[in-house]
>>> print(open('final_6.cif').read())   # mmCIF, C-alpha atoms and all ligand atoms
data_run
loop_
_atom_site.group_PDB
_atom_site.id
_atom_site.type_symbol
_atom_site.label_atom_id
_atom_site.label_comp_id
_atom_site.auth_asym_id
_atom_site.auth_seq_id
_atom_site.Cartn_x
_atom_site.Cartn_y
_atom_site.Cartn_z
ATOM 1 C CA MET X 813 91.307 26.152 -107.857
ATOM 2 C CA TYR X 814 87.835 24.955 -107.041
ATOM 3 C CA GLU X 815 85.524 22.694 -108.980
ATOM 4 C CA THR X 816 82.443 23.989 -110.787
ATOM 5 C CA ASN X 817 80.052 21.818 -112.777
ATOM 6 C CA PHE X 818 79.046 23.422 -116.069
ATOM 7 C CA HIS X 819 75.588 22.763 -117.591
ATOM 8 C CA LYS X 820 74.078 24.045 -120.821
ATOM 9 C CA ALA X 821 70.312 24.384 -120.369
ATOM 10 C CA SER X 822 68.033 23.977 -123.375
ATOM 11 C CA THR X 823 64.884 25.510 -121.862
ATOM 12 C CA ALA X 824 64.064 27.736 -118.892
ATOM 13 C CA GLN X 825 62.355 24.757 -117.197
ATOM 14 C CA ASP X 826 65.477 22.658 -117.732
ATOM 15 C CA ALA X 827 67.585 25.461 -116.190
ATOM 16 C CA ALA X 828 65.222 25.757 -113.217
ATOM 17 C CA ALA X 829 65.404 21.982 -112.608
ATOM 18 C CA LEU X 830 69.236 22.026 -112.776
ATOM 19 C CA LEU X 831 69.328 24.988 -110.402
ATOM 20 C CA ALA X 832 67.005 23.290 -107.914
ATOM 21 C CA LYS X 833 69.129 20.096 -108.009
ATOM 22 C CA SER X 834 72.465 21.865 -107.448
ATOM 23 C CA ASP X 835 74.026 22.552 -104.030
ATOM 24 C CA ASP X 836 74.841 26.180 -104.678
ATOM 25 C CA GLY X 837 74.242 26.716 -108.385
ATOM 26 C CA LYS X 838 74.140 29.973 -110.306
ATOM 27 C CA ILE X 839 72.574 30.954 -113.594
ATOM 28 C CA LEU X 840 75.113 32.153 -116.156
ATOM 29 C CA ALA X 841 73.774 34.756 -118.598
ATOM 30 C CA GLY X 842 76.315 37.146 -120.182
ATOM 31 C CA GLY X 843 78.857 36.469 -117.439
ATOM 32 C CA GLN X 844 79.857 40.153 -117.263
ATOM 33 C CA THR X 845 79.262 40.305 -113.521
ATOM 34 C CA LEU X 846 79.359 36.670 -112.469
ATOM 35 C CA ILE X 847 82.653 35.643 -114.113
ATOM 36 C CA PRO X 848 84.710 38.546 -112.653
ATOM 37 C CA THR X 849 83.118 37.812 -109.271
ATOM 38 C CA MET X 850 84.211 34.167 -109.552
ATOM 39 C CA LYS X 851 87.699 35.204 -110.675
ATOM 40 C CA GLN X 852 88.021 37.318 -107.550
ATOM 41 C CA ARG X 853 86.812 34.374 -105.436
ATOM 42 C CA LEU X 854 83.854 36.406 -104.232
ATOM 43 C CA ALA X 855 81.608 33.623 -105.536
ATOM 44 C CA ALA X 856 82.335 29.931 -105.923
ATOM 45 C CA PRO X 857 79.158 28.300 -107.211
ATOM 46 C CA SER X 858 78.958 24.498 -107.210
ATOM 47 C CA ASP X 859 77.254 24.616 -110.646
ATOM 48 C CA LEU X 860 76.952 27.089 -113.502
ATOM 49 C CA ILE X 861 73.781 26.787 -115.561
ATOM 50 C CA ASP X 862 74.342 28.502 -118.869
ATOM 51 C CA LEU X 863 71.284 30.052 -120.569
ATOM 52 C CA SER X 864 73.045 30.995 -123.806
ATOM 53 C CA GLN X 865 71.406 28.154 -125.809
ATOM 54 C CA VAL X 866 67.867 28.934 -124.613
ATOM 55 C CA SER X 867 66.629 30.754 -127.700
ATOM 56 C CA ALA X 868 63.121 31.249 -126.242
ATOM 57 C CA LEU X 869 64.637 33.707 -123.730
ATOM 58 C CA ARG X 870 66.041 35.974 -126.437
ATOM 59 C CA GLY X 871 64.281 38.660 -128.462
ATOM 60 C CA ILE X 872 61.918 41.608 -128.340
ATOM 61 C CA THR X 873 58.199 41.584 -129.117
ATOM 62 C CA ILE X 874 55.992 44.640 -129.480
ATOM 63 C CA THR X 875 52.213 44.356 -129.300
ATOM 64 C CA LYS X 876 50.376 47.337 -130.713
ATOM 65 C CA ARG X 877 47.814 49.170 -128.596
ATOM 66 C CA LYS X 878 44.206 48.553 -129.635
ATOM 67 C CA LYS X 879 42.819 51.692 -131.284
ATOM 68 C CA MET X 880 39.803 52.846 -129.274
ATOM 69 C CA GLY X 881 38.323 56.169 -130.406
ATOM 70 C CA ILE X 882 40.664 59.103 -130.824
ATOM 71 C CA MET X 883 44.073 58.438 -129.293
ATOM 72 C CA LYS X 884 45.413 61.549 -127.618
ATOM 73 C CA ALA X 885 48.753 60.210 -126.456
ATOM 74 C CA GLU X 886 51.643 58.381 -128.027
ATOM 75 C CA GLY X 887 52.769 55.101 -126.538
ATOM 76 C CA GLY X 888 50.821 52.224 -125.031
ATOM 77 C CA GLU X 889 52.377 49.366 -126.995
ATOM 78 C CA THR X 890 53.299 46.382 -124.834
ATOM 79 C CA ILE X 891 57.024 45.680 -125.063
ATOM 80 C CA THR X 892 58.405 42.322 -123.937
ATOM 81 C CA ILE X 893 62.155 41.738 -123.818
ATOM 82 C CA GLY X 894 63.484 38.223 -123.277
ATOM 83 C CA ALA X 895 65.905 37.831 -120.363
ATOM 84 C CA MET X 896 68.822 36.749 -122.588
ATOM 85 C CA THR X 897 68.516 39.729 -124.921
ATOM 86 C CA THR X 898 71.821 41.597 -124.859
ATOM 87 C CA HIS X 899 72.198 45.317 -124.279
ATOM 88 C CA SER X 900 73.437 45.773 -127.855
ATOM 89 C CA GLU X 901 70.364 43.952 -129.219
ATOM 90 C CA VAL X 902 68.105 46.307 -127.239
ATOM 91 C CA ALA X 903 70.137 49.339 -128.352
ATOM 92 C CA GLY X 904 69.959 48.377 -132.017
ATOM 93 C CA ASP X 905 66.387 47.120 -132.378
ATOM 94 C CA ALA X 906 64.817 48.931 -135.328
ATOM 95 C CA GLU X 907 61.212 48.417 -134.150
ATOM 96 C CA LEU X 908 61.815 49.172 -130.475
ATOM 97 C CA VAL X 909 63.429 52.524 -131.249
ATOM 98 C CA LYS X 910 60.184 53.610 -132.955
ATOM 99 C CA VAL X 911 58.003 52.993 -129.867
ATOM 100 C CA CYS X 912 60.413 53.464 -126.943
ATOM 101 C CA PRO X 913 63.628 55.178 -128.063
ATOM 102 C CA VAL X 914 64.733 55.929 -124.492
ATOM 103 C CA ILE X 915 65.270 52.240 -123.675
ATOM 104 C CA CYS X 916 67.492 51.848 -126.756
ATOM 105 C CA GLN X 917 69.455 54.937 -125.749
ATOM 106 C CA LEU X 918 69.837 53.615 -122.193
ATOM 107 C CA ALA X 919 71.057 50.200 -123.390
ATOM 108 C CA GLY X 920 73.471 51.806 -125.860
ATOM 109 C CA ASN X 921 75.206 53.658 -123.024
ATOM 110 C CA ILE X 922 75.753 50.685 -120.716
ATOM 111 C CA GLY X 923 79.443 49.972 -120.071
ATOM 112 C CA ASP X 924 81.543 49.414 -123.177
ATOM 113 C CA PRO X 925 81.008 47.441 -126.424
ATOM 114 C CA ALA X 926 82.205 44.155 -124.872
ATOM 115 C CA VAL X 927 79.802 44.485 -121.943
ATOM 116 C CA ARG X 928 76.938 45.434 -124.270
ATOM 117 C CA HIS X 929 77.539 42.471 -126.589
ATOM 118 C CA ARG X 930 77.599 39.884 -123.782
ATOM 119 C CA GLY X 931 75.574 41.429 -120.934
ATOM 120 C CA THR X 932 71.837 40.728 -120.818
ATOM 121 C CA ILE X 933 68.792 42.511 -119.448
ATOM 122 C CA GLY X 934 67.915 39.453 -117.330
ATOM 123 C CA GLY X 935 71.406 39.392 -115.808
ATOM 124 C CA SER X 936 71.283 43.082 -115.039
ATOM 125 C CA VAL X 937 67.845 42.887 -113.421
ATOM 126 C CA ALA X 938 68.755 39.736 -111.435
ATOM 127 C CA ASN X 939 71.959 41.356 -110.189
ATOM 128 C CA ASN X 940 70.285 44.686 -109.291
ATOM 129 C CA ASP X 941 73.532 46.587 -108.953
ATOM 130 C CA PRO X 942 72.746 49.887 -107.154
ATOM 131 C CA ALA X 943 74.321 51.812 -110.058
ATOM 132 C CA ALA X 944 72.808 49.815 -112.948
ATOM 133 C CA ASP X 945 70.606 51.489 -115.550
ATOM 134 C CA TYR X 946 67.780 49.029 -116.267
ATOM 135 C CA PRO X 947 66.414 48.978 -112.688
ATOM 136 C CA ALA X 948 65.636 52.717 -112.929
ATOM 137 C CA ALA X 949 63.908 52.234 -116.283
ATOM 138 C CA LEU X 950 61.807 49.291 -115.113
ATOM 139 C CA LEU X 951 60.741 51.018 -111.907
ATOM 140 C CA ALA X 952 59.779 54.230 -113.722
ATOM 141 C CA LEU X 953 57.968 52.359 -116.484
ATOM 142 C CA GLY X 954 55.952 50.265 -114.010
ATOM 143 C CA ALA X 955 57.340 47.115 -115.635
ATOM 144 C CA THR X 956 56.623 43.476 -114.863
ATOM 145 C CA ILE X 957 59.401 40.949 -114.272
ATOM 146 C CA HIS X 958 58.422 37.504 -115.589
ATOM 147 C CA THR X 959 60.018 34.424 -114.052
ATOM 148 C CA ASN X 960 59.646 30.693 -114.583
ATOM 149 C CA ALA X 961 57.208 30.743 -111.627
ATOM 150 C CA ARG X 962 55.298 34.066 -111.590
ATOM 151 C CA GLU X 963 55.009 37.717 -112.576
ATOM 152 C CA ILE X 964 56.407 40.392 -110.239
ATOM 153 C CA ALA X 965 55.637 44.110 -110.445
ATOM 154 C CA ALA X 966 58.841 46.183 -110.529
ATOM 155 C CA ALA X 967 57.570 48.058 -107.453
ATOM 156 C CA ASP X 968 57.697 44.761 -105.493
ATOM 157 C CA TYR X 969 60.805 43.366 -107.169
ATOM 158 C CA PHE X 970 63.685 45.738 -106.286
ATOM 159 C CA LYS X 971 64.407 45.181 -102.588
ATOM 160 C CA GLY X 972 67.602 47.191 -102.044
ATOM 161 C CA MET X 973 71.250 46.975 -103.002
ATOM 162 C CA PHE X 974 71.805 43.696 -104.941
ATOM 163 C CA ALA X 975 68.557 42.406 -103.377
ATOM 164 C CA THR X 976 65.480 41.336 -105.318
ATOM 165 C CA ALA X 977 62.259 39.405 -104.795
ATOM 166 C CA LEU X 978 63.698 36.397 -106.679
ATOM 167 C CA THR X 979 63.847 33.160 -104.717
ATOM 168 C CA ASP X 980 66.993 30.995 -104.938
ATOM 169 C CA ASP X 981 65.617 28.733 -107.678
ATOM 170 C CA GLU X 982 63.800 31.370 -109.708
ATOM 171 C CA ILE X 983 64.835 32.404 -113.219
ATOM 172 C CA ILE X 984 63.891 35.625 -114.978
ATOM 173 C CA THR X 985 62.427 34.806 -118.372
ATOM 174 C CA ALA X 986 61.465 38.302 -119.602
ATOM 175 C CA VAL X 987 60.518 41.827 -118.646
ATOM 176 C CA SER X 988 57.542 43.688 -120.076
ATOM 177 C CA PHE X 989 56.187 47.227 -119.918
ATOM 178 C CA GLN X 990 53.879 49.625 -121.683
ATOM 179 C CA ALA X 991 55.571 52.147 -123.960
ATOM 180 C CA PRO X 992 55.305 55.508 -122.194
ATOM 181 C CA ALA X 993 53.656 58.590 -123.683
ATOM 182 C CA VAL X 994 56.912 60.396 -122.958
ATOM 183 C CA ALA X 995 60.100 59.407 -121.129
ATOM 184 C CA GLY X 996 63.754 60.283 -120.793
ATOM 185 C CA TYR X 997 66.906 59.133 -119.032
ATOM 186 C CA GLY X 998 69.724 61.307 -117.741
ATOM 187 C CA LYS X 999 72.875 59.531 -116.586
ATOM 188 C CA PHE X 1000 76.108 60.862 -115.185
ATOM 189 C CA PRO X 1001 78.474 57.944 -115.774
ATOM 190 C CA ASN X 1002 81.458 57.149 -113.647
ATOM 191 C CA PRO X 1003 84.277 57.874 -116.119
ATOM 192 C CA ALA X 1004 86.088 54.623 -115.220
ATOM 193 C CA SER X 1005 83.291 52.023 -115.023
ATOM 194 C CA ARG X 1006 80.488 53.749 -116.994
ATOM 195 C CA TYR X 1007 78.040 52.752 -114.220
ATOM 196 C CA ALA X 1008 75.751 55.602 -113.108
ATOM 197 C CA MET X 1009 76.964 57.943 -110.376
ATOM 198 C CA ALA X 1010 73.414 59.199 -110.658
ATOM 199 C CA GLY X 1011 70.863 58.201 -113.268
ATOM 200 C CA VAL X 1012 67.295 59.496 -113.392
ATOM 201 C CA PHE X 1013 64.562 57.917 -115.494
ATOM 202 C CA VAL X 1014 61.408 60.025 -115.929
ATOM 203 C CA ALA X 1015 58.270 58.547 -117.488
ATOM 204 C CA LYS X 1016 54.691 59.636 -118.102
ATOM 205 C CA SER X 1017 52.351 56.790 -118.982
ATOM 206 C CA VAL X 1018 49.580 56.953 -121.550
ATOM 207 C CA GLU X 1019 47.176 57.290 -118.600
ATOM 208 C CA GLY X 1020 49.176 60.316 -117.326
ATOM 209 C CA ASP X 1021 50.908 58.659 -114.338
ATOM 210 C CA VAL X 1022 54.336 60.138 -113.673
ATOM 211 C CA ARG X 1023 57.168 58.079 -112.171
ATOM 212 C CA VAL X 1024 60.731 59.177 -111.494
ATOM 213 C CA ALA X 1025 63.304 56.523 -110.554
ATOM 214 C CA VAL X 1026 66.852 57.187 -109.397
ATOM 215 C CA THR X 1027 69.813 54.815 -109.701
ATOM 216 C CA GLY X 1028 73.463 55.135 -108.673
ATOM 217 C CA ALA X 1029 72.774 57.514 -105.802
ATOM 218 C CA GLY X 1030 70.623 55.867 -103.121
ATOM 219 C CA ASP X 1031 72.442 53.921 -100.420
ATOM 220 C CA ASN X 1032 69.738 51.284 -100.644
ATOM 221 C CA GLY X 1033 69.693 50.903 -104.432
ATOM 222 C CA VAL X 1034 67.155 52.146 -106.958
ATOM 223 C CA TYR X 1035 64.215 54.184 -105.623
ATOM 224 C CA ARG X 1036 61.374 56.493 -106.690
ATOM 225 C CA HIS X 1037 61.602 60.191 -105.847
ATOM 226 C CA ALA X 1038 58.258 61.447 -104.507
ATOM 227 C CA GLY X 1039 59.156 65.163 -104.663
ATOM 228 C CA LEU X 1040 60.212 65.029 -108.315
ATOM 229 C CA GLU X 1041 57.141 62.961 -109.182
ATOM 230 C CA ALA X 1042 54.811 65.513 -107.560
ATOM 231 C CA ALA X 1043 56.510 68.422 -109.362
ATOM 232 C CA LEU X 1044 56.451 66.720 -112.768
ATOM 233 C CA SER X 1045 52.855 65.553 -112.316
ATOM 234 C CA ALA X 1046 51.867 69.193 -111.866
ATOM 235 C CA ASP X 1047 54.116 70.531 -114.597
ATOM 236 C CA TRP X 1048 56.232 68.329 -116.889
ATOM 237 C CA SER X 1049 59.084 70.778 -117.314
ATOM 238 C CA ALA X 1050 62.666 71.443 -116.230
ATOM 239 C CA ALA X 1051 61.458 74.651 -114.561
ATOM 240 C CA SER X 1052 59.313 72.692 -112.103
ATOM 241 C CA VAL X 1053 62.348 70.563 -111.122
ATOM 242 C CA GLU X 1054 64.183 73.703 -110.041
ATOM 243 C CA ALA X 1055 61.832 74.198 -107.095
ATOM 244 C CA VAL X 1056 62.266 70.625 -105.774
ATOM 245 C CA GLU X 1057 64.440 70.093 -102.712
ATOM 246 C CA VAL X 1058 66.567 66.970 -103.328
ATOM 247 C CA SER X 1059 67.862 65.921 -99.931
ATOM 248 C CA ALA X 1060 71.250 64.253 -99.465
ATOM 249 C CA ASP X 1061 69.765 62.058 -96.703
ATOM 250 C CA GLY X 1062 69.964 58.383 -97.661
ATOM 251 C CA LEU X 1063 72.332 59.012 -100.564
ATOM 252 C CA MET X 1064 75.664 57.281 -101.064
ATOM 253 C CA SER X 1065 78.998 58.836 -100.158
ATOM 254 C CA ASP X 1066 82.038 57.070 -101.571
ATOM 255 C CA LEU X 1067 85.395 57.865 -103.140
ATOM 256 C CA HIS X 1068 83.621 58.947 -106.345
ATOM 257 C CA GLY X 1069 81.441 61.613 -104.738
ATOM 258 C CA ASN X 1070 79.653 62.466 -101.507
ATOM 259 C CA ALA X 1071 75.910 62.509 -100.822
ATOM 260 C CA ALA X 1072 75.538 66.273 -101.385
ATOM 261 C CA TYR X 1073 77.241 65.957 -104.781
ATOM 262 C CA ARG X 1074 74.908 63.110 -105.740
ATOM 263 C CA ALA X 1075 71.858 65.126 -104.592
ATOM 264 C CA ASN X 1076 72.892 67.878 -106.983
ATOM 265 C CA LEU X 1077 73.500 65.341 -109.752
ATOM 266 C CA ILE X 1078 69.963 63.966 -109.331
ATOM 267 C CA LYS X 1079 68.497 67.383 -110.054
ATOM 268 C CA VAL X 1080 70.763 67.966 -113.044
ATOM 269 C CA MET X 1081 70.107 64.473 -114.458
ATOM 270 C CA THR X 1082 66.343 64.961 -114.080
ATOM 271 C CA LYS X 1083 66.556 68.111 -116.199
ATOM 272 C CA ARG X 1084 68.681 66.275 -118.775
ATOM 273 C CA ALA X 1085 66.147 63.436 -118.844
ATOM 274 C CA LEU X 1086 63.378 65.942 -119.553
ATOM 275 C CA ALA X 1087 65.447 67.649 -122.250
HETATM 276 C C1 LIG X 1101 83.172 47.060 -117.117
HETATM 277 C C2 LIG X 1101 81.698 46.959 -116.881
HETATM 278 C C3 LIG X 1101 80.910 48.086 -117.023
HETATM 279 C C4 LIG X 1101 79.534 48.012 -116.794
HETATM 280 N N1 LIG X 1101 78.786 49.155 -116.924
HETATM 281 C C5 LIG X 1101 77.472 49.095 -116.699
HETATM 282 C C6 LIG X 1101 76.660 50.267 -116.854
HETATM 283 O O1 LIG X 1101 77.101 51.335 -117.241
HETATM 284 N N2 LIG X 1101 75.335 50.146 -116.593
HETATM 285 C C7 LIG X 1101 74.766 48.956 -116.193
HETATM 286 O O2 LIG X 1101 73.570 48.911 -115.977
HETATM 287 N N3 LIG X 1101 75.506 47.840 -116.076
HETATM 288 C C8 LIG X 1101 76.828 47.881 -116.308
HETATM 289 N N4 LIG X 1101 77.573 46.735 -116.210
HETATM 290 C C9 LIG X 1101 76.910 45.460 -115.851
HETATM 291 C C10 LIG X 1101 76.424 44.764 -117.124
HETATM 292 O O3 LIG X 1101 75.254 45.416 -117.541
HETATM 293 C C11 LIG X 1101 76.123 43.266 -116.922
HETATM 294 O O4 LIG X 1101 75.684 42.814 -118.126
HETATM 295 C C12 LIG X 1101 75.057 42.882 -115.900
HETATM 296 O O5 LIG X 1101 75.341 43.320 -114.624
HETATM 297 C C13 LIG X 1101 74.951 41.376 -115.722
HETATM 298 O O6 LIG X 1101 74.444 40.813 -116.852
HETATM 299 P P1 LIG X 1101 74.998 39.439 -117.404
HETATM 300 O O7 LIG X 1101 74.059 39.023 -118.471
HETATM 301 O O8 LIG X 1101 76.425 39.570 -117.757
HETATM 302 O O9 LIG X 1101 74.784 38.477 -116.122
HETATM 303 P P2 LIG X 1101 75.753 37.437 -115.415
HETATM 304 O O10 LIG X 1101 77.036 38.086 -115.042
HETATM 305 O O11 LIG X 1101 75.811 36.184 -116.188
HETATM 306 O O12 LIG X 1101 74.882 37.173 -114.100
HETATM 307 C C14 LIG X 1101 74.742 38.168 -113.095
HETATM 308 C C15 LIG X 1101 73.906 37.607 -111.933
HETATM 309 O O13 LIG X 1101 72.553 37.449 -112.332
HETATM 310 C C16 LIG X 1101 72.135 36.067 -112.253
HETATM 311 N N5 LIG X 1101 71.306 35.847 -113.452
HETATM 312 C C17 LIG X 1101 71.654 36.111 -114.733
HETATM 313 N N6 LIG X 1101 70.606 35.898 -115.550
HETATM 314 C C18 LIG X 1101 69.589 35.472 -114.780
HETATM 315 C C19 LIG X 1101 68.238 35.111 -115.050
HETATM 316 N N7 LIG X 1101 67.732 35.135 -116.295
HETATM 317 N N8 LIG X 1101 67.452 34.730 -113.999
HETATM 318 C C20 LIG X 1101 67.944 34.728 -112.731
HETATM 319 N N9 LIG X 1101 69.212 35.065 -112.415
HETATM 320 C C21 LIG X 1101 70.020 35.446 -113.431
HETATM 321 C C22 LIG X 1101 73.426 35.272 -112.227
HETATM 322 O O14 LIG X 1101 73.275 34.027 -111.557
HETATM 323 C C23 LIG X 1101 74.361 36.218 -111.481
HETATM 324 O O15 LIG X 1101 74.126 36.111 -110.084
HETATM 325 C C24 LIG X 1101 78.936 46.778 -116.424
HETATM 326 C C25 LIG X 1101 79.730 45.632 -116.289
HETATM 327 C C26 LIG X 1101 81.097 45.704 -116.521
HETATM 328 C C27 LIG X 1101 81.912 44.463 -116.385
#
>>> encode(input="final_6.cif", output="structure tokens", more="lines below")
Ligand SMILES: Cc1cc2nc3c(=O)[nH]c(=O)nc-3n(C[C@H](O)[C@H](O)[C@H](O)COP(=O)(O)OP(=O)(O)OC[C@H]3O[C@@H](n4cnc5c(N)ncnc54)[C@H](O)[C@@H]3O)c2cc1C
Amino acid sequence: MYETNFHKASTAQDAAALLAKSDDGKILAGGQTLIPTMKQRLAAPSDLIDLSQVSALRGITITKRKKMGIMKAEGGETITIGAMTTHSEVAGDAELVKVCPVICQLAGNIGDPAVRHRGTIGGSVANNDPAADYPAALLALGATIHTNAREIAAADYFKGMFATALTDDEIITAVSFQAPAVAGYGKFPNPASRYAMAGVFVAKSVEGDVRVAVTGAGDNGVYRHAGLEAALSADWSAASVEAVEVSADGLMSDLHGNAAYRANLIKVMTKRALA
């Protein structure tokens, strides 16, 4: 046994102050990753700072795009999701599904019902598991990660496997992004864990920028695929993906599948995302 002090924060500022004061404190969100890690003695934080009572960190807001002249593309609404919003809340949001159905679909396929009802978007993005789904979505959507201290572009936030731009005392408060004109997500889940063995998020913004982000496959976590982006910028179709060489260099090989298998999965998942 080891001792852990438990705190219930009432605001994000309160949580940040408790975190700064602790020796080796950790934020507790849904606990789906942190609690098993503590049970296995892979983490032994001096303090747990629970965000579950911080209602300001929960919920989804959608700000409509200003109508300027004739709008040629769908999308453009600004979507903000509070850090403590659970995967099942994202999956089931009746307004969000109208403007960005792919994010609801993605959230609805995370793990199992227990994980979806407890796990949060803030916890997932803070953890940055190399096989998690949200990092691919946020990178492809050009999202912003909001913390108690600053705003971080997704492109600067994801720093490799389980590594992020967050400092030790920083708390994610929300993520925001513009609804894409068109987007899709293809995921090949590990049959045991439901984490992605390869997941590809494709997005075209209202301005026409194309981003393709890959999770589950890279040996340094989530990344953008330049070759797929170039092909889809020229021609947004499954046929254009066929001509792209997806190299196995830099991809993970583990007991679930080798790098060549994952390279093939990336291509197949990109086509599924487009479909
Ligand atoms: C069986 C199983 C299957 C899963 N399958 C999938 C899957 O298919 N796809 C997928 O993407 N994920 C999957 N997950 C992970 C799941 O999405 C978790 O919800 C997520 O990893 C962590 O979220 P949490 O809210 O539970 O965070 P916690 O476990 O509470 O915290 C995780 C880490 O993030 C930190 N943290 C939490 N919130 C914040 C914050 N607001 N600011 C700063 N730091 C914070 C914590 O200190 C901790 O270090 C699975 C998990 C399990 C157990």
>>> resolve_selection(input="final_6.cif", expression="the PyMOL selection byres (((chain X and resi 950) around 10) and not hetatm)", output="PyMOL selection string")
chain X and resi 915+937+945-949+951-957+965-967+969-970+987-989+1013+1025
>>> residues_around(input="final_6.cif", residues="Gln990 (chain X)", least_positions_apart="5", cutoff="7 Å", atoms="all atoms listed in the file", output="PDB file with C-alpha atoms, in the coordinates of the input")
ATOM      1  CA  GLY X 888      50.821  52.224-125.031  1.00  0.00           C
ATOM      2  CA  GLU X 889      52.377  49.366-126.995  1.00  0.00           C
ATOM      3  CA  THR X 890      53.299  46.382-124.834  1.00  0.00           C
ATOM      4  CA  ILE X 891      57.024  45.680-125.063  1.00  0.00           C
TER       5      ILE X 891
END
>>> closest_residue(input="final_6.cif", among="X:Thr1082, X:Thr1027, X:Asn1002, X:Thr816", to="Ser1052 (chain X)", atoms="all atoms listed in the file")
X:Thr1082
>>> resolve_selection(input="final_6.cif", expression="the PyMOL selection byres (((not hetatm)) within 8 of (chain X and resi 1101))", output="PDB file with C-alpha atoms, in the coordinates of the input")
ATOM      1  CA  LYS X 838      74.140  29.973-110.306  1.00  0.00           C
ATOM      2  CA  ILE X 839      72.574  30.954-113.594  1.00  0.00           C
ATOM      3  CA  LEU X 840      75.113  32.153-116.156  1.00  0.00           C
ATOM      4  CA  ALA X 841      73.774  34.756-118.598  1.00  0.00           C
ATOM      5  CA  GLY X 842      76.315  37.146-120.182  1.00  0.00           C
ATOM      6  CA  GLY X 843      78.857  36.469-117.439  1.00  0.00           C
ATOM      7  CA  GLN X 844      79.857  40.153-117.263  1.00  0.00           C
ATOM      8  CA  THR X 845      79.262  40.305-113.521  1.00  0.00           C
ATOM      9  CA  LEU X 846      79.359  36.670-112.469  1.00  0.00           C
ATOM     10  CA  ILE X 847      82.653  35.643-114.113  1.00  0.00           C
ATOM     11  CA  PRO X 848      84.710  38.546-112.653  1.00  0.00           C
ATOM     12  CA  LEU X 863      71.284  30.052-120.569  1.00  0.00           C
ATOM     13  CA  ALA X 895      65.905  37.831-120.363  1.00  0.00           C
ATOM     14  CA  MET X 896      68.822  36.749-122.588  1.00  0.00           C
ATOM     15  CA  THR X 898      71.821  41.597-124.859  1.00  0.00           C
ATOM     16  CA  HIS X 899      72.198  45.317-124.279  1.00  0.00           C
ATOM     17  CA  ALA X 919      71.057  50.200-123.390  1.00  0.00           C
ATOM     18  CA  ASN X 921      75.206  53.658-123.024  1.00  0.00           C
ATOM     19  CA  ILE X 922      75.753  50.685-120.716  1.00  0.00           C
ATOM     20  CA  GLY X 923      79.443  49.972-120.071  1.00  0.00           C
ATOM     21  CA  ASP X 924      81.543  49.414-123.177  1.00  0.00           C
ATOM     22  CA  VAL X 927      79.802  44.485-121.943  1.00  0.00           C
ATOM     23  CA  ARG X 928      76.938  45.434-124.270  1.00  0.00           C
ATOM     24  CA  ARG X 930      77.599  39.884-123.782  1.00  0.00           C
ATOM     25  CA  GLY X 931      75.574  41.429-120.934  1.00  0.00           C
ATOM     26  CA  THR X 932      71.837  40.728-120.818  1.00  0.00           C
ATOM     27  CA  ILE X 933      68.792  42.511-119.448  1.00  0.00           C
ATOM     28  CA  GLY X 934      67.915  39.453-117.330  1.00  0.00           C
ATOM     29  CA  GLY X 935      71.406  39.392-115.808  1.00  0.00           C
ATOM     30  CA  SER X 936      71.283  43.082-115.039  1.00  0.00           C
ATOM     31  CA  VAL X 937      67.845  42.887-113.421  1.00  0.00           C
ATOM     32  CA  ALA X 938      68.755  39.736-111.435  1.00  0.00           C
ATOM     33  CA  ASN X 939      71.959  41.356-110.189  1.00  0.00           C
ATOM     34  CA  ASN X 940      70.285  44.686-109.291  1.00  0.00           C
ATOM     35  CA  ASP X 941      73.532  46.587-108.953  1.00  0.00           C
ATOM     36  CA  ALA X 943      74.321  51.812-110.058  1.00  0.00           C
ATOM     37  CA  ALA X 944      72.808  49.815-112.948  1.00  0.00           C
ATOM     38  CA  ASP X 945      70.606  51.489-115.550  1.00  0.00           C
ATOM     39  CA  TYR X 946      67.780  49.029-116.267  1.00  0.00           C
ATOM     40  CA  PRO X 947      66.414  48.978-112.688  1.00  0.00           C
ATOM     41  CA  THR X 959      60.018  34.424-114.052  1.00  0.00           C
ATOM     42  CA  LEU X 978      63.698  36.397-106.679  1.00  0.00           C
ATOM     43  CA  GLU X 982      63.800  31.370-109.708  1.00  0.00           C
ATOM     44  CA  ILE X 983      64.835  32.404-113.219  1.00  0.00           C
ATOM     45  CA  ILE X 984      63.891  35.625-114.978  1.00  0.00           C
ATOM     46  CA  THR X 985      62.427  34.806-118.372  1.00  0.00           C
ATOM     47  CA  ALA X 986      61.465  38.302-119.602  1.00  0.00           C
ATOM     48  CA  PRO X1001      78.474  57.944-115.774  1.00  0.00           C
ATOM     49  CA  SER X1005      83.291  52.023-115.023  1.00  0.00           C
ATOM     50  CA  ARG X1006      80.488  53.749-116.994  1.00  0.00           C
ATOM     51  CA  TYR X1007      78.040  52.752-114.220  1.00  0.00           C
ATOM     52  CA  ALA X1008      75.751  55.602-113.108  1.00  0.00           C
TER      53      ALA X1008
END
>>> axis_aligned_box(input="final_6.cif", around="region 897-900 of chain X", padding_each_side="5 Å", output="JSON")
{"center_x": 71.0, "center_y": 42.8, "center_z": -126.1, "size_x": 14.9, "size_y": 16.0, "size_z": 13.6}
>>> atom_distance(input="final_6.cif", atom1="CA of Val1026 (chain X)", atom2="CA of Arg962 (chain X)")
25.9 Å
>>> resolve_selection(input="final_6.cif", expression="the PyMOL selection byres (((chain X and resi 999) around 7) and not hetatm)", output="short mmCIF file (atom, residue, chain, number, x, y, z; two decimals) with C-alpha atoms, in the frame of the given file")
data_model
loop_
_atom_site.label_atom_id
_atom_site.label_comp_id
_atom_site.auth_asym_id
_atom_site.auth_seq_id
_atom_site.Cartn_x
_atom_site.Cartn_y
_atom_site.Cartn_z
CA TYR X 997 66.91 59.13 -119.03
CA GLY X 998 69.72 61.31 -117.74
CA PHE X 1000 76.11 60.86 -115.18
CA PRO X 1001 78.47 57.94 -115.77
CA ALA X 1008 75.75 55.60 -113.11
CA ALA X 1010 73.41 59.20 -110.66
CA GLY X 1011 70.86 58.20 -113.27
CA VAL X 1012 67.30 59.50 -113.39
CA MET X 1081 70.11 64.47 -114.46
#
